[in-house]
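*Asks:* Handing over query23.cif, mmCIF, C-alpha atoms.
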data_input
loop_
_atom_site.label_atom_id
_atom_site.label_comp_id
_atom_site.auth_asym_id
_atom_site.auth_seq_id
_atom_site.Cartn_x
_atom_site.Cartn_y
_atom_site.Cartn_z
CA MET A 230 143.25 111.19 88.90
CA GLU A 231 142.31 110.94 92.57
CA ALA A 232 138.57 111.44 92.75
CA LYS A 233 137.82 110.60 96.35
CA GLY A 234 135.72 113.01 98.24
CA LYS A 235 133.29 113.77 100.97
CA ILE A 236 130.97 116.73 101.18
CA GLN A 237 128.53 117.81 103.86
CA PHE A 238 125.46 119.98 103.51
CA VAL A 239 123.16 121.54 106.07
CA LEU A 240 119.80 122.37 104.53
CA ASP A 241 116.88 124.38 105.87
CA ASN A 242 113.51 122.67 105.69
CA LYS A 243 112.48 124.68 102.63
CA VAL A 244 111.70 123.24 99.25
CA ASP A 245 113.85 125.85 97.46
CA GLU A 246 116.89 124.24 99.07
CA LEU A 247 116.46 121.29 96.70
CA SER A 248 117.26 123.40 93.62
CA LEU A 249 120.41 124.75 95.25
CA LEU A 250 121.37 121.25 96.35
CA SER A 251 120.93 119.72 92.91
CA ALA A 252 123.30 122.28 91.37
CA LYS A 253 125.95 121.50 94.01
CA VAL A 254 125.46 117.76 93.59
CA GLU A 255 125.96 118.14 89.84
CA THR A 256 129.27 119.88 90.47
CA MET A 257 130.39 117.06 92.79
CA ALA A 258 129.22 114.38 90.39
CA ASP A 259 131.21 116.04 87.59
CA LEU A 260 134.29 115.93 89.78
CA TRP A 261 133.61 112.27 90.52
CA ASP A 262 133.21 111.57 86.81
CA PHE A 263 129.65 110.26 87.13
CA SER A 264 127.66 109.73 83.95
CA ASP A 265 124.59 111.90 83.27
CA SER A 266 122.41 108.98 84.28
CA GLN A 267 124.29 108.37 87.54
CA THR A 268 124.09 112.08 88.36
CA MET A 269 120.38 112.21 87.64
CA ASN A 270 119.74 109.14 89.76
CA LEU A 271 121.71 110.61 92.66
CA ASN A 272 119.76 113.86 92.48
CA LEU A 273 116.53 111.92 92.15
CA VAL A 274 117.22 109.82 95.25
CA LEU A 275 118.19 112.93 97.24
CA GLU A 276 115.07 114.78 96.11
CA GLU A 277 112.79 111.88 97.04
CA ALA A 278 114.35 111.38 100.47
CA ILE A 279 114.59 115.07 101.36
CA SER A 280 111.17 116.05 100.04
CA ASN A 281 109.67 113.32 102.23
CA ILE A 282 111.31 115.00 105.21
CA LEU A 283 110.18 118.46 104.08
CA PHE A 284 106.56 117.44 103.64
CA TYR A 285 106.02 114.89 106.40
CA ALA A 286 108.64 115.04 109.14
CA PHE A 287 107.60 118.23 110.90
CA ASP A 288 104.13 119.14 112.10
CA ASP A 289 104.65 122.86 112.29
CA ASP A 290 106.40 125.48 110.15
CA SER A 291 109.34 125.89 112.52
CA GLU A 292 112.81 126.16 111.03
CA GLN A 293 114.61 122.86 111.07
CA LYS A 294 117.86 121.56 109.68
CA ILE A 295 118.48 118.55 107.47
CA TYR A 296 122.01 117.16 107.44
CA LEU A 297 123.42 115.47 104.38
CA ILE A 298 126.75 113.77 103.79
CA LEU A 299 127.83 112.51 100.37
CA GLU A 300 130.92 110.38 100.08
CA TYR A 301 132.51 108.62 97.14
CA ASP A 302 135.60 106.43 97.29
CA ASP A 303 135.97 105.61 93.58
CA GLU A 304 133.81 102.55 94.05
CA THR A 305 130.85 103.20 96.30
CA LEU A 306 128.70 106.26 96.72
CA SER A 307 127.42 106.71 100.27
CA VAL A 308 124.66 109.09 101.27
CA GLU A 309 123.64 109.90 104.84
CA ILE A 310 120.59 112.01 105.55
CA MET A 311 119.66 113.07 109.08
CA ASP A 312 116.69 114.99 110.42
CA SER A 313 115.08 115.57 113.79
CA GLY A 314 111.51 115.05 112.56
CA LYS A 315 108.99 112.39 113.46
CA PRO A 316 110.32 108.82 113.36
CA PHE A 317 109.87 107.52 109.83
CA ASP A 318 111.39 104.34 108.49
CA PRO A 319 111.20 104.34 104.68
CA THR A 320 112.50 100.76 104.55
CA ARG A 321 109.23 99.61 106.12
CA GLN A 322 106.94 101.14 103.51
CA GLY A 323 105.33 98.60 101.23
CA PRO A 324 106.05 99.12 97.54
CA PRO A 325 103.23 100.43 95.35
CA ASP A 326 101.72 97.91 92.94
CA ILE A 327 103.38 99.02 89.71
CA THR A 328 101.55 96.40 87.65
CA LEU A 329 98.14 98.06 88.00
CA PRO A 330 96.56 99.78 84.98
CA ALA A 331 96.48 103.59 84.93
CA GLU A 332 92.93 103.84 86.30
CA GLU A 333 93.92 101.96 89.43
CA ARG A 334 97.46 103.23 89.91
CA SER A 335 97.94 105.27 93.02
CA ILE A 336 99.18 108.79 92.33
CA GLY A 337 101.71 108.75 95.18
CA GLY A 338 104.14 106.34 96.78
CA LEU A 339 106.70 106.18 94.00
CA GLY A 340 109.41 108.21 95.73
CA ILE A 341 110.54 105.64 98.30
CA PHE A 342 110.09 102.89 95.74
CA LEU A 343 112.52 104.68 93.41
CA ILE A 344 115.06 105.12 96.22
CA ASN A 345 114.97 101.39 96.88
CA LYS A 346 115.25 100.53 93.20
CA LEU A 347 118.06 102.94 92.38
CA MET A 348 120.27 102.25 95.40
CA ASP A 349 121.94 98.96 96.33
CA HIS A 350 121.57 99.41 100.08
CA VAL A 351 119.01 101.37 102.09
CA GLU A 352 119.26 101.41 105.87
CA TYR A 353 117.32 103.37 108.47
CA CYS A 354 117.96 103.92 112.14
CA ARG A 355 116.62 106.23 114.83
CA LYS A 356 119.41 107.63 116.94
CA GLU A 357 119.21 110.33 119.62
CA ASN A 358 115.85 111.58 118.33
CA MET A 359 117.17 111.76 114.77
CA ASN A 360 116.13 109.85 111.68
CA MET A 361 119.24 108.55 109.95
CA LEU A 362 118.95 107.21 106.45
CA THR A 363 121.99 105.60 104.85
CA LEU A 364 122.04 104.84 101.15
CA LYS A 365 124.79 103.13 99.21
CA LYS A 366 125.37 102.50 95.55
CA ARG A 367 128.26 100.80 93.85
CA ILE A 368 129.18 103.09 90.97
CA LYS A 369 132.14 101.45 89.26
CA MET B 556 111.54 123.70 83.25
CA ASN B 557 110.20 125.35 80.14
CA ILE B 558 106.89 124.33 78.56
CA SER B 559 105.85 125.22 75.02
CA PHE B 560 102.89 124.16 72.95
CA GLU B 561 102.05 123.66 69.30
CA THR B 562 99.14 122.08 67.49
CA LYS B 563 99.63 119.26 64.99
CA SER B 564 96.65 117.45 63.45
CA ASN B 565 94.17 117.41 66.30
CA PHE B 566 96.89 117.00 68.90
CA THR B 567 98.47 119.49 71.26
CA VAL B 568 102.22 118.88 71.22
CA ILE B 569 103.82 119.83 74.52
CA HIS B 570 107.59 120.36 74.55
CA LEU B 571 109.18 119.98 77.96
CA THR B 572 112.67 121.34 78.51
CA GLY B 573 114.92 120.98 81.55
CA ARG B 574 113.89 119.49 84.88
CA ILE B 575 110.57 118.44 86.36
CA ASP B 576 110.98 118.19 90.08
CA VAL B 577 109.10 118.86 93.28
CA THR B 578 109.72 122.61 92.95
CA ASN B 579 107.96 122.97 89.59
CA SER B 580 105.75 119.92 88.95
CA ASN B 581 102.73 121.97 90.05
CA ASP B 582 103.41 124.38 87.16
CA LEU B 583 103.18 121.49 84.70
CA GLU B 584 100.00 120.26 86.36
CA THR B 585 98.46 123.74 86.09
CA GLU B 586 99.30 123.93 82.36
CA LEU B 587 97.80 120.49 81.69
CA ILE B 588 94.64 121.31 83.62
CA ARG B 589 94.32 124.46 81.52
CA LEU B 590 94.41 122.28 78.38
CA PHE B 591 91.76 119.96 79.80
CA GLU B 592 89.55 122.95 80.60
CA ASP B 593 89.85 123.84 76.89
CA ASP B 594 88.69 120.31 76.07
CA ARG B 595 92.07 119.40 74.67
CA TYR B 596 92.53 115.76 75.58
CA ASN B 597 94.74 114.65 72.68
CA LEU B 598 98.25 115.28 73.91
CA LEU B 599 101.68 114.45 72.59
CA ILE B 600 104.36 115.19 75.17
CA ASN B 601 107.78 115.59 73.55
CA CYS B 602 110.49 114.93 76.16
CA ALA B 603 113.55 115.28 73.90
CA GLU B 604 114.86 118.17 75.99
CA LEU B 605 113.74 116.81 79.35
CA ASN B 606 116.79 115.79 81.36
CA TYR B 607 115.43 115.15 84.84
CA ILE B 608 112.19 113.83 86.32
CA SER B 609 111.36 112.81 89.87
CA SER B 610 108.30 111.10 91.32
CA SER B 611 106.53 114.46 91.55
CA GLY B 612 106.78 114.77 87.76
CA LEU B 613 105.74 111.15 87.21
CA ARG B 614 102.73 111.86 89.41
CA VAL B 615 101.62 114.66 87.05
CA PHE B 616 102.06 112.41 83.99
CA LEU B 617 99.96 109.71 85.66
CA LEU B 618 97.31 112.22 86.65
CA ALA B 619 97.16 113.45 83.04
CA GLN B 620 96.83 109.88 81.77
CA LYS B 621 93.88 109.26 84.09
CA LYS B 622 92.12 112.45 82.95
CA VAL B 623 92.79 111.71 79.27
CA MET B 624 91.50 108.15 79.57
CA ALA B 625 88.36 109.30 81.39
CA ALA B 626 87.70 111.77 78.55
CA GLN B 627 88.54 109.14 75.89
CA GLY B 628 91.38 111.24 74.59
CA ASP B 629 94.87 110.13 73.72
CA LEU B 630 98.19 110.79 75.44
CA ILE B 631 101.48 109.89 73.78
CA ILE B 632 104.95 110.49 75.20
CA CYS B 633 107.84 110.67 72.77
CA SER B 634 111.60 111.11 72.57
CA LEU B 635 112.44 110.12 76.14
CA GLN B 636 116.16 110.27 76.88
CA PRO B 637 117.44 106.82 77.93
CA MET B 638 117.97 107.83 81.58
CA ILE B 639 114.41 109.16 81.82
CA ARG B 640 113.09 106.08 80.04
CA GLU B 641 114.83 103.98 82.69
CA ILE B 642 112.88 105.78 85.43
CA PHE B 643 109.62 105.13 83.52
CA ASP B 644 110.59 101.44 83.18
CA ILE B 645 111.50 101.04 86.87
CA SER B 646 108.25 102.73 87.92
CA GLY B 647 106.15 100.45 85.74
CA LEU B 648 104.93 103.47 83.79
CA SER B 649 106.23 102.30 80.41
CA THR B 650 103.32 99.88 80.19
CA ILE B 651 100.77 102.53 81.15
CA PHE B 652 101.77 105.18 78.63
CA LYS B 653 101.98 105.05 74.87
CA ILE B 654 105.65 105.80 74.33
CA CYS B 655 107.18 106.52 70.91
CA LYS B 656 110.83 106.91 69.99
CA SER B 657 110.32 110.13 68.06
CA GLU B 658 107.72 112.79 67.37
CA GLU B 659 107.55 111.62 63.75
CA GLU B 660 106.73 108.07 64.85
CA ALA B 661 104.10 109.39 67.25
CA LEU B 662 102.47 111.58 64.59
CA GLN B 663 102.29 108.64 62.19
CA LYS B 664 100.33 106.68 64.78
CA ILE B 665 97.82 109.44 65.40
#
Before anything else, please render the file you have as structure tokens.
*Replies:*
Amino acid sequence: MEAKGKIQFVLDNKVDELSLLSAKVETMADLWDFSDSQTMNLNLVLEEAISNILFYAFDDDSEQKIYLILEYDDETLSVEIMDSGKPFDPTRQGPPDITLPAEERSIGGLGIFLINKLMDHVEYCRKENMNMLTLKKRIK
Amino acid sequence: MNISFETKSNFTVIHLTGRIDVTNSNDLETELIRLFEDDRYNLLINCAELNYISSSGLRVFLLAQKKVMAAQGDLIICSLQPMIREIFDISGLSTIFKICKSEEEALQKI
């Protein structure tokens, strides 16, 4: 069965959008025949990347759009996320020290770390006042 | 996410069902803080029905662990689905938490 596909989303900068998105992503992942684990990891990566934008990219409460493209060609999953917020390059964030004991572990900082661990390729560029994050993962 | 509680031995068993994400991790944090305010620092978190966790959920687990350790209580996580366990492993949290395969195994260790 041909399972190629590309889907685009335009999200408002509201946290509730993440719940709607995850349901739609699950539908796509079903169509693409992803395992439960692959689907969870895709939703996890999207949540981490988009919640970073929601919480840190914009200084005021103005309505903004976040653009998302998911593409799967039976081999590689590609994700593109674009926003017009402050420049932020997640590839330049140092990883948290995950060897520290609980008392010393930092409460935050795991989101970007998980994106880097779960995806094969993470690339950032700033283009025409937009942050563009490209993520790739070989699925099969 | 659905959260339910029961008491076994001197432990509060917390059953988590569904997803813990950035939209509801605060609800879990609120429930755990309520337990701590009741001086209940022996917690067994049963994750058999938990099928999604993001860093916001992991953050709440880590916060709970810190509070429990400071109060010399005990926090055990059991019945993690393999895909959730993988996220704990990747995050280096499997070495921080006491993790048991099943609730029975956890209760035997109490």
*Asks:* Chain B residues within 6 Å of chain A, counting only C-alpha atoms: which ones, as a list of chain:residue names?
*Replies:*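 Therefore, the residues near the partner are B:Ser609, B:Ser610, B:Arg614, B:Lys621, B:Met638, B:Gly647, B:Ile651.
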*Asks:* Could you work out how far CA of Ala603 in chain B lies from CA of Leu275 in chain A, giving the answer in Å with one decimal?
*Replies:*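 Here the two named atoms are 23.9 Å from each other.
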*Asks:* Specify as a ChimeraX atom specification each residue included when the PyMOL selection byres ((chain B and resi 629) around 12) is applied to this file.
*Replies:* /B:565-568,591,595-600,619-628,630-632,652-654,661-662,664-665
*Asks:* Select all residues near (110.6, 109.5, 72.5) (cut-off 7 Å, inclusive, file coordinates), counting all atoms listed in the file, and output them as a count of residues only.
*Replies:* 12
*Asks:* How many Å lie between CA of Asn360 in chain A and CA of Met311 in chain A, rounded to one decimal?
*Replies:* 5.4 Å
*Asks:* Please evaluate the PyMOL selection byres ((chain B and resi 604-606) around 7) against the displayed coordinates and give the resulting residues as an NGL selection string.
*Replies:* :B and (571-574 or 602-603 or 607)
*Asks:* With C-alpha atoms kept, could you save the residues just selected as a short mmCIF file (atom, residue, chain, number, x, y, z; two decimals), in the coordinates of the input?
*Replies:*
data_model
loop_
_atom_site.label_atom_id
_atom_site.label_comp_id
_atom_site.auth_asym_id
_atom_site.auth_seq_id
_atom_site.Cartn_x
_atom_site.Cartn_y
_atom_site.Cartn_z
CA LEU B 571 109.18 119.98 77.96
CA THR B 572 112.67 121.34 78.51
CA GLY B 573 114.92 120.98 81.55
CA ARG B 574 113.89 119.49 84.88
CA CYS B 602 110.49 114.93 76.16
CA ALA B 603 113.55 115.28 73.90
CA TYR B 607 115.43 115.15 84.84
#
*Asks:* Which distance in Å separates CA of Arg321 in chain A and CA of Asn358 in chain A, to one decimal?
*Replies:*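 Those two atoms sit 18.3 Å apart.
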*Asks:* Excluding Gln293 in chain A and residues on its chain fewer than 3 positions from it, collect all residues at most 8 Å away from it, counting only C-alpha atoms, and give them as a VMD selection string.
*Replies:* chain A and resid 241 to 242 313
*Asks:* How about saving the chosen residues, C-alpha atoms kept, as an mmCIF file, in the frame of the given file?
*Replies:*
data_model
loop_
_atom_site.group_PDB
_atom_site.id
_atom_site.type_symbol
_atom_site.label_atom_id
_atom_site.label_comp_id
_atom_site.auth_asym_id
_atom_site.auth_seq_id
_atom_site.Cartn_x
_atom_site.Cartn_y
_atom_site.Cartn_z
ATOM 1 C CA ASP A 241 116.880 124.380 105.870
ATOM 2 C CA ASN A 242 113.510 122.670 105.690
ATOM 3 C CA SER A 313 115.080 115.570 113.790
#
*Asks:* Using all atoms listed in the file, find all polymer residues with an atom at most 10 Å away from the point (118.5, 113.0, 112.8); report them as a list in words.
*Replies:*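 Output: Lys294, Ile295, Tyr296, Glu309, Ile310, Met311, Asp312, Ser313, Gly314, Lys315, Pro316, Cys354, Arg355, Lys356, Glu357, Asn358, Met359, Asn360, Met361 and Leu362 of chain A.
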*Asks:* Put those residues in a file: C-alpha atoms, as a PDB file, in the frame of the given file.
*Replies:*
ATOM      1  CA  LYS A 294     117.860 121.560 109.680  1.00  0.00           C
ATOM      2  CA  ILE A 295     118.480 118.550 107.470  1.00  0.00           C
ATOM      3  CA  TYR A 296     122.010 117.160 107.440  1.00  0.00           C
ATOM      4  CA  GLU A 309     123.640 109.900 104.840  1.00  0.00           C
ATOM      5  CA  ILE A 310     120.590 112.010 105.550  1.00  0.00           C
ATOM      6  CA  MET A 311     119.660 113.070 109.080  1.00  0.00           C
ATOM      7  CA  ASP A 312     116.690 114.990 110.420  1.00  0.00           C
ATOM      8  CA  SER A 313     115.080 115.570 113.790  1.00  0.00           C
ATOM      9  CA  GLY A 314     111.510 115.050 112.560  1.00  0.00           C
ATOM     10  CA  LYS A 315     108.990 112.390 113.460  1.00  0.00           C
ATOM     11  CA  PRO A 316     110.320 108.820 113.360  1.00  0.00           C
ATOM     12  CA  CYS A 354     117.960 103.920 112.140  1.00  0.00           C
ATOM     13  CA  ARG A 355     116.620 106.230 114.830  1.00  0.00           C
ATOM     14  CA  LYS A 356     119.410 107.630 116.940  1.00  0.00           C
ATOM     15  CA  GLU A 357     119.210 110.330 119.620  1.00  0.00           C
ATOM     16  CA  ASN A 358     115.850 111.580 118.330  1.00  0.00           C
ATOM     17  CA  MET A 359     117.170 111.760 114.770  1.00  0.00           C
ATOM     18  CA  ASN A 360     116.130 109.850 111.680  1.00  0.00           C
ATOM     19  CA  MET A 361     119.240 108.550 109.950  1.00  0.00           C
ATOM     20  CA  LEU A 362     118.950 107.210 106.450  1.00  0.00           C
TER      21      LEU A 362
END
*Asks:* Evaluating the PyMOL selection byres ((chain A and resi 304) around 9) on the displayed file yields which residues, as an MDAnalysis selection string?
*Replies:* chainID A and resid 301:303 305:306 366:369
